[in-house]
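> Just one file: data.txt, with compact mmCIF, C-alpha atoms.
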```
# COMPACT_ATOMS: atom_id res chain seq x y z
CA MET T 1 -128.58 -45.96 -170.57
CA ALA T 2 -129.77 -48.11 -173.46
CA GLY T 3 -127.77 -47.63 -176.62
CA ILE T 4 -128.08 -48.82 -180.16
CA PHE T 5 -127.95 -52.59 -180.21
CA HIS T 6 -125.33 -53.83 -182.69
CA PRO T 7 -126.60 -56.32 -185.33
CA GLY T 8 -124.00 -58.83 -184.18
CA ALA T 9 -125.57 -58.84 -180.75
CA TYR T 10 -129.02 -59.35 -182.32
CA ILE T 11 -127.66 -62.39 -184.14
CA TYR T 12 -126.21 -63.79 -180.92
CA VAL T 13 -129.36 -63.25 -178.86
CA CYS T 14 -131.77 -64.47 -181.51
CA THR T 15 -129.68 -67.56 -182.21
CA ARG T 16 -129.60 -68.44 -178.52
CA LEU T 17 -133.35 -68.02 -178.21
CA GLN T 18 -134.02 -69.97 -181.39
CA ILE T 19 -132.15 -72.89 -179.84
CA ARG T 20 -134.20 -72.58 -176.65
CA LYS T 21 -137.40 -72.37 -178.65
CA GLY T 22 -136.46 -75.56 -180.46
CA ARG T 23 -136.24 -77.35 -177.10
CA LEU T 24 -139.81 -76.50 -176.12
CA ILE T 25 -142.30 -79.35 -175.89
CA SER T 26 -143.58 -80.40 -179.32
CA GLU T 27 -147.12 -81.25 -180.38
CA ASP T 28 -146.28 -84.96 -180.51
CA GLN T 29 -144.99 -84.82 -176.94
CA TYR T 30 -148.20 -83.13 -175.75
CA LEU T 31 -150.29 -85.81 -177.44
CA ARG T 32 -148.23 -88.51 -175.73
CA MET T 33 -148.68 -86.78 -172.38
CA LEU T 34 -152.45 -86.89 -172.80
CA GLN T 35 -152.19 -90.69 -172.79
CA MET T 36 -150.20 -90.71 -169.53
CA SER T 37 -151.37 -90.86 -165.93
CA SER T 38 -150.93 -87.84 -163.66
CA SER T 39 -147.92 -89.40 -161.93
CA GLN T 40 -146.26 -90.14 -165.28
CA ILE T 41 -146.82 -86.56 -166.43
CA ILE T 42 -145.36 -85.13 -163.24
CA ARG T 43 -142.34 -87.42 -163.53
CA MET T 44 -141.85 -86.32 -167.14
CA ILE T 45 -142.04 -82.63 -166.15
CA GLY T 46 -139.43 -83.25 -163.47
CA GLU T 47 -137.06 -84.74 -166.03
CA GLU T 48 -137.31 -81.81 -168.47
CA ASP T 49 -136.38 -78.15 -168.21
CA TYR T 50 -138.38 -77.90 -164.98
CA ARG T 51 -136.22 -80.27 -162.94
CA ALA T 52 -134.71 -77.64 -160.63
CA GLN T 53 -138.11 -76.18 -159.77
CA VAL T 54 -139.66 -79.62 -159.16
CA LEU T 55 -136.78 -80.60 -156.85
CA GLN T 56 -137.64 -77.71 -154.52
CA PHE T 57 -140.46 -79.97 -153.27
CA PRO T 58 -138.67 -83.07 -151.92
CA GLY T 59 -140.28 -85.98 -150.22
CA GLY T 60 -142.65 -87.74 -152.55
CA ALA T 61 -145.52 -87.02 -154.89
CA LEU T 62 -146.27 -83.40 -155.72
CA ASN T 63 -149.77 -82.01 -155.43
CA PRO T 64 -151.28 -79.87 -158.24
CA ASN T 65 -150.53 -76.58 -156.45
CA GLN T 66 -146.86 -77.53 -156.09
CA ILE T 67 -146.67 -78.50 -159.76
CA GLU T 68 -148.20 -75.16 -160.77
CA LYS T 69 -145.70 -73.27 -158.62
CA ALA T 70 -142.82 -75.22 -160.14
CA LEU T 71 -144.07 -74.39 -163.64
CA THR T 72 -144.65 -70.70 -162.97
CA ASP T 73 -141.31 -70.34 -161.14
CA ASN T 74 -139.60 -71.80 -164.19
CA LEU T 75 -141.46 -69.40 -166.49
CA ALA T 76 -140.45 -66.36 -164.42
CA LEU T 77 -136.83 -67.58 -164.33
CA SER T 78 -136.85 -68.14 -168.11
CA PHE T 79 -138.11 -64.61 -168.68
CA GLN T 80 -135.50 -63.16 -166.36
CA ARG T 81 -132.77 -65.01 -168.24
CA VAL T 82 -134.02 -63.48 -171.48
CA LEU T 83 -133.84 -60.02 -169.93
CA ASP T 84 -130.29 -60.75 -168.77
CA LEU T 85 -129.42 -61.85 -172.29
CA THR T 86 -130.85 -58.78 -174.08
CA PRO T 87 -128.96 -55.56 -173.30
CA GLY T 88 -129.51 -52.16 -174.85
CA THR T 89 -132.61 -51.20 -176.80
CA LEU T 90 -133.71 -54.80 -177.26
CA GLY T 91 -133.63 -55.30 -173.50
CA VAL T 92 -135.75 -52.18 -172.98
CA LEU T 93 -138.32 -53.37 -175.51
CA THR T 94 -138.45 -56.79 -173.87
CA SER T 95 -138.87 -55.28 -170.42
CA ARG T 96 -141.72 -53.06 -171.61
CA TYR T 97 -143.45 -56.05 -173.14
CA LEU T 98 -143.13 -58.13 -169.97
CA ALA T 99 -144.59 -55.36 -167.79
CA ARG T 100 -148.03 -56.83 -168.57
CA TRP T 101 -147.26 -59.58 -166.06
CA ASP T 102 -147.44 -57.00 -163.28
CA ILE T 103 -151.08 -56.43 -164.21
CA ILE T 104 -151.76 -60.16 -164.20
CA ASN T 105 -150.17 -60.63 -160.79
CA VAL T 106 -151.75 -57.58 -159.15
CA MET T 107 -155.19 -58.60 -160.41
CA LEU T 108 -154.59 -62.13 -159.14
CA VAL T 109 -153.75 -60.90 -155.65
CA LEU T 110 -156.58 -58.35 -155.44
CA HIS T 111 -159.19 -60.74 -156.81
CA GLY T 112 -157.93 -63.56 -154.60
CA LYS T 113 -158.14 -61.48 -151.43
CA GLU T 114 -161.57 -60.12 -152.30
CA HIS T 115 -162.98 -63.59 -152.91
CA GLY T 116 -161.27 -65.53 -150.13
CA ILE T 117 -158.94 -67.62 -152.28
CA SER T 118 -156.22 -69.28 -150.20
CA ASP T 119 -152.77 -67.69 -150.05
CA GLN T 120 -151.26 -70.98 -151.20
CA ARG T 121 -153.41 -71.01 -154.34
CA ILE T 122 -152.59 -67.37 -155.12
CA ARG T 123 -148.86 -68.07 -154.75
CA SER T 124 -149.07 -71.04 -157.09
CA GLU T 125 -150.59 -68.82 -159.80
CA LEU T 126 -148.06 -65.97 -159.56
CA ILE T 127 -145.69 -65.42 -162.47
CA PRO T 128 -143.28 -62.66 -161.36
CA ALA T 129 -141.98 -61.83 -164.83
CA GLY T 130 -142.43 -58.06 -164.70
CA GLU T 131 -140.96 -55.41 -162.43
CA LEU T 132 -142.80 -56.60 -159.32
CA ASP T 133 -140.68 -59.49 -158.05
CA ARG T 134 -141.77 -62.51 -156.02
CA PRO T 135 -140.73 -61.16 -152.57
CA PHE T 136 -142.82 -58.04 -153.16
CA LEU T 137 -145.79 -60.04 -154.42
CA GLU T 138 -145.47 -62.38 -151.44
CA ALA T 139 -145.59 -59.29 -149.20
CA LEU T 140 -148.84 -58.25 -150.88
CA ILE T 141 -150.32 -61.70 -150.29
CA SER T 142 -149.41 -61.53 -146.58
CA HIS T 143 -152.03 -58.81 -146.08
CA ARG T 144 -155.64 -59.70 -145.52
CA SER T 145 -157.58 -57.14 -147.53
CA VAL T 146 -157.58 -54.97 -150.65
CA ASP T 147 -157.55 -51.90 -148.38
CA GLN T 148 -154.15 -52.95 -147.04
CA ILE T 149 -152.71 -53.98 -150.41
CA VAL T 150 -153.48 -50.91 -152.54
CA PRO T 151 -151.23 -48.45 -150.59
CA MET T 152 -148.29 -50.84 -150.98
CA LEU T 153 -148.42 -50.36 -154.74
CA GLU T 154 -147.94 -46.59 -154.73
CA ASP T 155 -144.56 -46.89 -156.52
CA TRP T 156 -146.01 -49.05 -159.30
CA GLU T 157 -146.16 -47.36 -162.69
CA LEU T 158 -149.89 -48.05 -163.01
CA TYR T 159 -150.76 -47.04 -159.45
CA PRO T 160 -152.72 -43.90 -160.49
CA VAL T 161 -155.18 -46.12 -162.38
CA LEU T 162 -155.42 -48.50 -159.44
CA PHE T 163 -155.91 -45.69 -156.92
CA GLU T 164 -158.66 -44.01 -158.96
CA TRP T 165 -160.49 -47.34 -159.13
CA TYR T 166 -160.00 -47.87 -155.40
CA LEU T 167 -161.53 -44.49 -154.51
CA GLN T 168 -164.61 -45.17 -156.59
CA LYS T 169 -165.50 -48.33 -154.63
CA GLU T 170 -167.49 -49.71 -157.55
CA GLY T 171 -169.80 -52.66 -157.01
CA ALA T 172 -170.69 -55.41 -159.49
CA GLY T 173 -168.13 -55.87 -162.26
CA ARG T 174 -165.56 -53.96 -160.27
CA PHE T 175 -162.55 -56.12 -161.00
CA PRO T 176 -163.15 -56.58 -164.76
CA ARG T 177 -163.37 -52.79 -165.08
CA LEU T 178 -160.09 -52.34 -163.24
CA GLU T 179 -158.38 -54.94 -165.41
CA ASN T 180 -159.63 -53.23 -168.55
CA ARG T 181 -158.38 -49.82 -167.37
CA LEU T 182 -154.96 -51.20 -166.46
CA TYR T 183 -154.47 -52.84 -169.86
CA LYS T 184 -155.69 -49.73 -171.65
CA LYS T 185 -153.15 -47.58 -169.83
CA TYR T 186 -150.43 -50.22 -170.37
CA TYR T 187 -150.92 -50.27 -174.15
CA ILE T 188 -151.21 -46.48 -174.41
CA ASP T 189 -147.97 -46.01 -172.49
CA LEU T 190 -146.22 -48.76 -174.45
CA LEU T 191 -147.11 -47.26 -177.82
CA HIS T 192 -146.17 -43.78 -176.61
CA ALA T 193 -142.75 -45.02 -175.52
CA LEU T 194 -142.21 -46.82 -178.83
CA ARG T 195 -143.19 -43.79 -180.91
CA ASN T 196 -140.91 -41.47 -178.97
CA ASP T 197 -137.82 -43.67 -179.14
CA PRO T 198 -135.87 -43.11 -182.39
CA LYS T 199 -134.28 -46.55 -181.98
CA THR T 200 -137.64 -48.30 -181.69
CA ASP T 201 -138.09 -51.50 -183.62
CA TYR T 202 -140.90 -50.79 -186.12
CA VAL T 203 -141.73 -54.50 -186.36
CA PHE T 204 -142.33 -54.57 -182.61
CA THR T 205 -144.75 -51.63 -182.95
CA ARG T 206 -146.52 -53.34 -185.82
CA TYR T 207 -147.09 -56.46 -183.78
CA ILE T 208 -148.34 -54.53 -180.73
CA ARG T 209 -150.89 -52.72 -182.91
CA LEU T 210 -152.13 -56.09 -184.15
CA GLU T 211 -152.37 -57.33 -180.58
CA ILE T 212 -154.49 -54.28 -179.68
CA ASP T 213 -156.87 -55.07 -182.56
CA LEU T 214 -157.45 -58.57 -181.24
CA VAL T 215 -157.98 -57.34 -177.67
CA ASN T 216 -160.51 -54.76 -178.89
CA LEU T 217 -162.48 -57.29 -180.92
CA ARG T 218 -162.63 -59.64 -177.96
CA ASN T 219 -163.81 -56.77 -175.75
CA LEU T 220 -166.53 -55.87 -178.26
CA PHE T 221 -168.03 -59.34 -177.95
CA ARG T 222 -167.78 -59.22 -174.17
CA LEU T 223 -169.48 -55.82 -174.04
CA ARG T 224 -172.20 -57.06 -176.35
CA SER T 225 -172.86 -60.09 -174.13
CA GLY T 226 -173.02 -57.96 -170.98
CA GLY T 227 -175.85 -55.66 -172.06
CA VAL T 228 -176.17 -52.15 -173.45
CA VAL T 229 -173.12 -49.90 -173.09
CA HIS T 230 -173.62 -46.26 -174.06
CA ASP T 231 -169.97 -45.32 -174.43
CA ILE T 232 -167.81 -48.23 -175.51
CA GLY T 233 -164.82 -45.91 -175.89
CA HIS T 234 -164.05 -46.44 -172.20
CA TYR T 235 -163.46 -50.13 -172.91
CA LEU T 236 -161.47 -49.96 -176.14
CA ILE T 237 -157.76 -49.35 -176.57
CA PRO T 238 -156.59 -46.72 -179.07
CA GLY T 239 -153.58 -47.34 -181.29
CA GLY T 240 -154.53 -50.48 -183.18
CA THR T 241 -154.77 -50.72 -186.95
CA VAL T 242 -158.58 -50.62 -186.69
CA ASP T 243 -159.70 -47.15 -185.57
CA LEU T 244 -162.16 -46.79 -182.70
CA THR T 245 -164.82 -45.21 -184.94
CA THR T 246 -164.99 -48.41 -187.00
CA LEU T 247 -165.25 -50.49 -183.85
CA GLY T 248 -168.01 -48.22 -182.55
CA THR T 249 -169.93 -48.70 -185.79
CA LEU T 250 -169.50 -52.46 -185.54
CA TYR T 251 -170.87 -52.48 -181.99
CA GLY T 252 -174.20 -51.00 -183.12
CA ILE T 253 -174.82 -53.36 -186.06
CA GLU T 254 -177.86 -55.67 -185.90
CA GLU T 255 -178.02 -56.87 -189.52
CA LYS T 256 -176.17 -60.05 -190.44
CA SER T 257 -174.78 -59.06 -193.85
CA VAL T 258 -173.57 -55.68 -192.59
CA PHE T 259 -172.01 -57.28 -189.50
CA ILE T 260 -170.07 -59.84 -191.53
CA GLU T 261 -168.93 -57.20 -194.03
CA GLU T 262 -167.69 -54.88 -191.27
CA ILE T 263 -165.97 -57.53 -189.16
CA GLN T 264 -164.14 -58.80 -192.24
CA ARG T 265 -162.60 -55.36 -192.57
CA THR T 266 -161.03 -55.64 -189.13
CA GLY T 267 -158.64 -58.33 -190.33
CA ILE T 268 -159.69 -60.94 -187.77
CA PHE T 269 -160.97 -63.41 -190.40
CA PRO T 270 -157.55 -64.69 -191.55
CA PHE T 271 -156.62 -65.45 -187.94
CA VAL T 272 -159.87 -67.24 -187.10
CA ILE T 273 -159.92 -69.22 -190.35
CA LYS T 274 -156.34 -70.40 -189.99
CA GLY T 275 -156.68 -71.20 -186.31
CA LEU T 276 -159.93 -73.13 -186.74
CA GLN T 277 -158.45 -75.03 -189.66
CA ASP T 278 -155.53 -76.06 -187.46
CA ILE T 279 -157.90 -77.25 -184.73
CA ASN T 280 -160.42 -79.01 -187.03
CA ARG T 281 -158.06 -80.58 -189.51
CA ALA T 282 -160.68 -82.89 -190.95
CA VAL T 283 -163.08 -80.01 -191.68
CA THR T 284 -162.72 -77.34 -194.34
CA VAL T 285 -163.01 -73.91 -192.70
CA ASP T 286 -163.89 -70.97 -194.93
CA SER T 287 -164.95 -67.34 -194.53
CA GLU T 288 -168.65 -68.20 -194.84
CA MET T 289 -168.45 -70.67 -191.97
CA VAL T 290 -166.53 -68.23 -189.77
CA GLY T 291 -168.89 -65.38 -190.59
CA GLU T 292 -171.91 -67.49 -189.66
CA MET T 293 -170.26 -68.64 -186.43
CA LEU T 294 -169.36 -65.13 -185.29
CA TRP T 295 -172.73 -63.72 -186.31
CA LEU T 296 -174.61 -66.32 -184.25
CA ARG T 297 -172.59 -65.40 -181.17
CA TRP T 298 -173.12 -61.70 -181.88
CA GLN T 299 -176.87 -62.12 -182.44
CA GLN T 300 -177.24 -64.16 -179.27
CA ARG T 301 -175.20 -61.57 -177.31
CA ARG T 302 -172.66 -64.18 -176.28
CA THR T 303 -168.88 -64.07 -176.14
CA PRO T 304 -166.99 -65.94 -178.89
CA ILE T 305 -166.82 -69.65 -178.25
CA HIS T 306 -163.64 -70.81 -176.57
CA GLU T 307 -162.61 -72.56 -179.77
CA VAL T 308 -162.59 -69.22 -181.64
CA GLU T 309 -160.47 -67.50 -178.99
CA MET T 310 -158.02 -70.39 -179.01
CA ALA T 311 -157.95 -70.29 -182.81
CA VAL T 312 -157.08 -66.60 -182.80
CA THR T 313 -154.35 -67.20 -180.23
CA ARG T 314 -152.80 -69.98 -182.30
CA ALA T 315 -152.94 -67.93 -185.49
CA ARG T 316 -151.49 -64.88 -183.72
CA LEU T 317 -148.53 -66.92 -182.51
CA ASP T 318 -148.00 -68.34 -185.99
CA GLN T 319 -148.03 -64.80 -187.34
CA MET T 320 -145.45 -63.77 -184.77
CA ASP T 321 -143.25 -66.73 -185.75
CA ARG T 322 -143.44 -65.77 -189.42
CA LEU T 323 -142.61 -62.14 -188.70
CA ALA T 324 -139.71 -63.26 -186.52
CA THR T 325 -138.33 -65.34 -189.39
CA ARG T 326 -138.71 -62.47 -191.86
CA HIS T 327 -137.17 -59.93 -189.45
CA PRO T 328 -134.35 -61.77 -187.64
CA PHE T 329 -132.73 -58.51 -186.49
CA SER T 330 -135.77 -57.29 -184.57
CA ALA T 331 -137.50 -57.81 -181.26
CA LEU T 332 -139.86 -60.39 -182.77
CA PRO T 333 -137.59 -63.45 -182.32
CA VAL T 334 -137.37 -62.56 -178.64
CA LEU T 335 -141.13 -62.07 -178.28
CA SER T 336 -141.77 -65.28 -180.22
CA TYR T 337 -139.76 -67.27 -177.70
CA LEU T 338 -141.37 -65.50 -174.72
CA GLU T 339 -144.89 -66.25 -175.97
CA ARG T 340 -144.16 -69.87 -176.92
CA LYS T 341 -142.55 -70.49 -173.54
CA LYS T 342 -145.55 -68.92 -171.81
CA TYR T 343 -147.94 -71.22 -173.62
CA GLU T 344 -145.80 -74.25 -172.88
CA VAL T 345 -146.35 -73.57 -169.18
CA PHE T 346 -150.04 -72.86 -169.76
CA ASN T 347 -150.36 -76.14 -171.67
CA LEU T 348 -148.69 -78.14 -168.92
CA ARG T 349 -150.95 -76.54 -166.33
CA ALA T 350 -154.01 -77.38 -168.46
CA ILE T 351 -152.92 -81.00 -168.78
CA THR T 352 -152.13 -81.50 -165.07
CA ARG T 353 -155.34 -79.80 -163.94
CA GLY T 354 -157.37 -81.64 -166.56
CA LYS T 355 -156.03 -84.96 -165.37
CA GLU T 356 -156.74 -83.96 -161.76
CA TYR T 357 -160.42 -83.42 -162.62
CA ASN T 358 -160.63 -86.50 -164.86
CA LEU T 359 -161.45 -84.50 -167.98
CA SER T 360 -161.41 -86.30 -171.30
CA ASN T 361 -158.28 -86.07 -173.43
CA GLU T 362 -160.31 -84.43 -176.20
CA LEU T 363 -161.54 -81.68 -173.88
CA ILE T 364 -158.06 -81.05 -172.51
CA ARG T 365 -156.71 -80.97 -176.07
CA ARG T 366 -159.00 -78.04 -176.88
CA TYR T 367 -157.33 -75.95 -174.20
CA LEU T 368 -153.82 -76.48 -175.54
CA VAL T 369 -152.07 -73.91 -177.71
CA ILE T 370 -149.82 -75.99 -179.95
```
Can you present the structure in this file as structure tokens?

Amino acid sequence: MAGIFHPGAYIYVCTRLQIRKGRLISEDQYLRMLQMSSSQIIRMIGEEDYRAQVLQFPGGALNPNQIEKALTDNLALSFQRVLDLTPGTLGVLTSRYLARWDIINVMLVLHGKEHGISDQRIRSELIPAGELDRPFLEALISHRSVDQIVPMLEDWELYPVLFEWYLQKEGAGRFPRLENRLYKKYYIDLLHALRNDPKTDYVFTRYIRLEIDLVNLRNLFRLRSGGVVHDIGHYLIPGGTVDLTTLGTLYGIEEKSVFIEEIQRTGIFPFVIKGLQDINRAVTVDSEMVGEMLWLRWQQRRTPIHEVEMAVTRARLDQMDRLATRHPFSALPVLSYLERKKYEVFNLRAITRGKEYNLSNELIRRYLVI
């Protein structure tokens, strides 16, 4: 049973993770990697923290799928080590946060089977960082169809949502709807657990509510681009700092000045401005520019440009880092490391895949979160 976590233990855990975070690949190292060949990058990866996972593939040059598996295996192992390091309430909070990876992996398997993606490719994408471990996920992959996979997940916490979706046998847009329902249930359950635990870290709750806001705003743009939706409440997650009534009002706006005024109230502007400024260092980014950019996408019924989503991600991580510094005896230093480690792996995957497809360094650079 999780007990109160002594401040001394917080200091120990957070210090250990701060050291690990300091060893993550820096921006300068990423920029140097962009100038390397694929073989040089793979050799560099094998000499870093990923050595043990790379060595599981002996006998010459590694192909992209093997590199991805080495990277994702390392990420899952890193997350498991964090769980082993964080006992008590902090460990419970960390485990609840990492449960989102079960959704990612289940969706990967179901989508892969439905669309004929090879088992090898599905395996290379798995990141077993939640409760569903690799042997179980491998067992899911061994089956040929969604019909065979769904019953195997009956002990999963989110199975009721999955089973309801399965019975409905929806057609077009089936998998995006399932993913949305799973994340909605995940966040509702997470916030409920946090509110009902007297030892809950309030800073953790604050960050999760911010995360919900960003997910909801992204979903609003996606709903807008997909056509008319009569009840957007099915697609939005309650519990953020922006109430669902405000988001519903925003969805129906067709006038530019009103749209910009309302979206500024959601608090997304500071994240977009900061993130875009970090990406376009030679250009001054202000609220007028961001408002115009978002309005054009809204008016054209298109999702936010990739650059905006990346900007928000970068700014969100910076915000997490600042909160972690201000609240060293909280869950935020742990979450900060988990997220930065995740994006290190995502960055390495983007670089290796980009090199494989001969993409320009500038294009690859836009997909990196650094």
> Restricting the calculation to all atoms listed in the file: of T:Asp28, T:Asp201, T:Asp49, T:Glu157, which residue gets closest to Lys341 (chain T)?
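That would be T:Asp49, the residue with the smallest distance to Lys341 (chain T).
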> For a quick check of understanding, using only C-alpha atoms, which of T:Glu131, T:Met36, T:Pro238, T:Arg121 has the smallest distance to Glu68 (chain T)?
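For Glu68 (chain T), the nearest of the given residues is T:Arg121.
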> Please list as a PDB file with C-alpha atoms, in the frame of the given file every residue within 7 Å of region 250-265 of chain T, counting only C-alpha atoms and excluding residues in the same chain fewer than 3 positions away.

```pdb
ATOM      1  CA  LEU T 220    -166.530 -55.870-178.260  1.00  0.00           C
ATOM      2  CA  THR T 246    -164.990 -48.410-187.000  1.00  0.00           C
ATOM      3  CA  LEU T 247    -165.250 -50.490-183.850  1.00  0.00           C
ATOM      4  CA  ILE T 268    -159.690 -60.940-187.770  1.00  0.00           C
ATOM      5  CA  PHE T 269    -160.970 -63.410-190.400  1.00  0.00           C
ATOM      6  CA  GLY T 291    -168.890 -65.380-190.590  1.00  0.00           C
ATOM      7  CA  TRP T 295    -172.730 -63.720-186.310  1.00  0.00           C
TER       8      TRP T 295
END
```
> For Leu167 (chain T), list every protein, DNA or RNA residue within 12 Å, evaluated using all atoms listed in the file, and leave out those in the same chain fewer than 6 positions away; present the list as a list in words.
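Surrounding residues, per the criterion: Val146, Asp147, Val150, Pro151, Pro160, Val161, Arg174 and Leu178 of chain T.
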> Quick one: write out the picked residues with C-alpha atoms as a compact mmCIF listing (two decimals), in the coordinates of the input?

```txt
# COMPACT_ATOMS: atom_id res chain seq x y z
CA VAL T 146 -157.58 -54.97 -150.65
CA ASP T 147 -157.55 -51.90 -148.38
CA VAL T 150 -153.48 -50.91 -152.54
CA PRO T 151 -151.23 -48.45 -150.59
CA PRO T 160 -152.72 -43.90 -160.49
CA VAL T 161 -155.18 -46.12 -162.38
CA ARG T 174 -165.56 -53.96 -160.27
CA LEU T 178 -160.09 -52.34 -163.24
```
> Env of Ala129 (chain T): 7 Å cut, atoms = all atoms listed in the file, seq-sep filter 4 positions within chain, self excluded. Answer as a list of chain:residue names.
T:Ala76, T:Phe79, T:Gln80, T:Leu98, T:Trp101
> Go through T:Gln35, T:Ser225, T:Thr325, T:Ser330 and flag the residue nearest Thr303 (chain T), using all atoms listed in the file for the distances.
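The closest residue to Thr303 (chain T) is T:Ser225.
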> Would you please work out which residue, of T:Ile364, T:Leu348, T:Ile127, T:Val106, is nearest to Leu140 (chain T) when using all atoms listed in the file?
T:Val106
> Using all atoms listed in the file and a cutoff of 12 Å, can you tell me which residues are near (-128.8, -60.8, -172.5) in the file's coordinates, and write them out as a list in words?
Phe5, Ala9, Tyr10, Ile11, Tyr12, Val13, Cys14, Thr15, Arg16, Leu17, Ser78, Phe79, Gln80, Arg81, Val82, Leu83, Asp84, Leu85, Thr86, Pro87, Gly88, Thr89, Leu90, Gly91, Val92, Thr94, Ser95 and Val334 of chain T
> Between CA of Arg314 (chain T) and CA of Gly275 (chain T), what distance in Å does the model show, to one decimal?
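We find that CA of Arg314 (chain T) and CA of Gly275 (chain T) lie 5.7 Å from each other.
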> If we count all atoms listed in the file and set the cut-off at 12 Å, which residues sit around Pro64 (chain T), ignoring sequence neighbours fewer than 5 positions away in its own chain? Please answer as a PyMOL selection string.
chain T and resi 38-39+41-42+54+57+69-71+120-121+124-125+348-357
> Can I get the selection written as a compact mmCIF listing (two decimals), in the coordinates of the input, with C-alpha atoms?

```txt
# COMPACT_ATOMS: atom_id res chain seq x y z
CA SER T 38 -150.93 -87.84 -163.66
CA SER T 39 -147.92 -89.40 -161.93
CA ILE T 41 -146.82 -86.56 -166.43
CA ILE T 42 -145.36 -85.13 -163.24
CA VAL T 54 -139.66 -79.62 -159.16
CA PHE T 57 -140.46 -79.97 -153.27
CA LYS T 69 -145.70 -73.27 -158.62
CA ALA T 70 -142.82 -75.22 -160.14
CA LEU T 71 -144.07 -74.39 -163.64
CA GLN T 120 -151.26 -70.98 -151.20
CA ARG T 121 -153.41 -71.01 -154.34
CA SER T 124 -149.07 -71.04 -157.09
CA GLU T 125 -150.59 -68.82 -159.80
CA LEU T 348 -148.69 -78.14 -168.92
CA ARG T 349 -150.95 -76.54 -166.33
CA ALA T 350 -154.01 -77.38 -168.46
CA ILE T 351 -152.92 -81.00 -168.78
CA THR T 352 -152.13 -81.50 -165.07
CA ARG T 353 -155.34 -79.80 -163.94
CA GLY T 354 -157.37 -81.64 -166.56
CA LYS T 355 -156.03 -84.96 -165.37
CA GLU T 356 -156.74 -83.96 -161.76
CA TYR T 357 -160.42 -83.42 -162.62
```
> So, with only C-alpha atoms as the atoms that count, which of T:Gln300, T:Gln56, T:Thr313, T:Ser336 lies closest to Val369 (chain T)?
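Checking each of T:Gln300, T:Gln56, T:Thr313, T:Ser336 against Val369 (chain T), counting only C-alpha atoms, the winner is T:Thr313.
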> Quick one: residues within 10 Å of Tyr367 (chain T), all atoms listed in the file counted, chain neighbours fewer than 4 positions away excluded, as a ChimeraX atom specification?
/T:306-307,310,346-347,350-351,354,362-363
> Between T:Gln18, T:Asn74, T:Asn105, T:Asn180, which one has atoms that come closest to Lys342 (chain T), using all atoms listed in the file?
T:Asn74
> CA of Gly130 (chain T) and CA of Ala99 (chain T), how far apart in Å?
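That distance, rounded to one decimal, is 4.6 Å.
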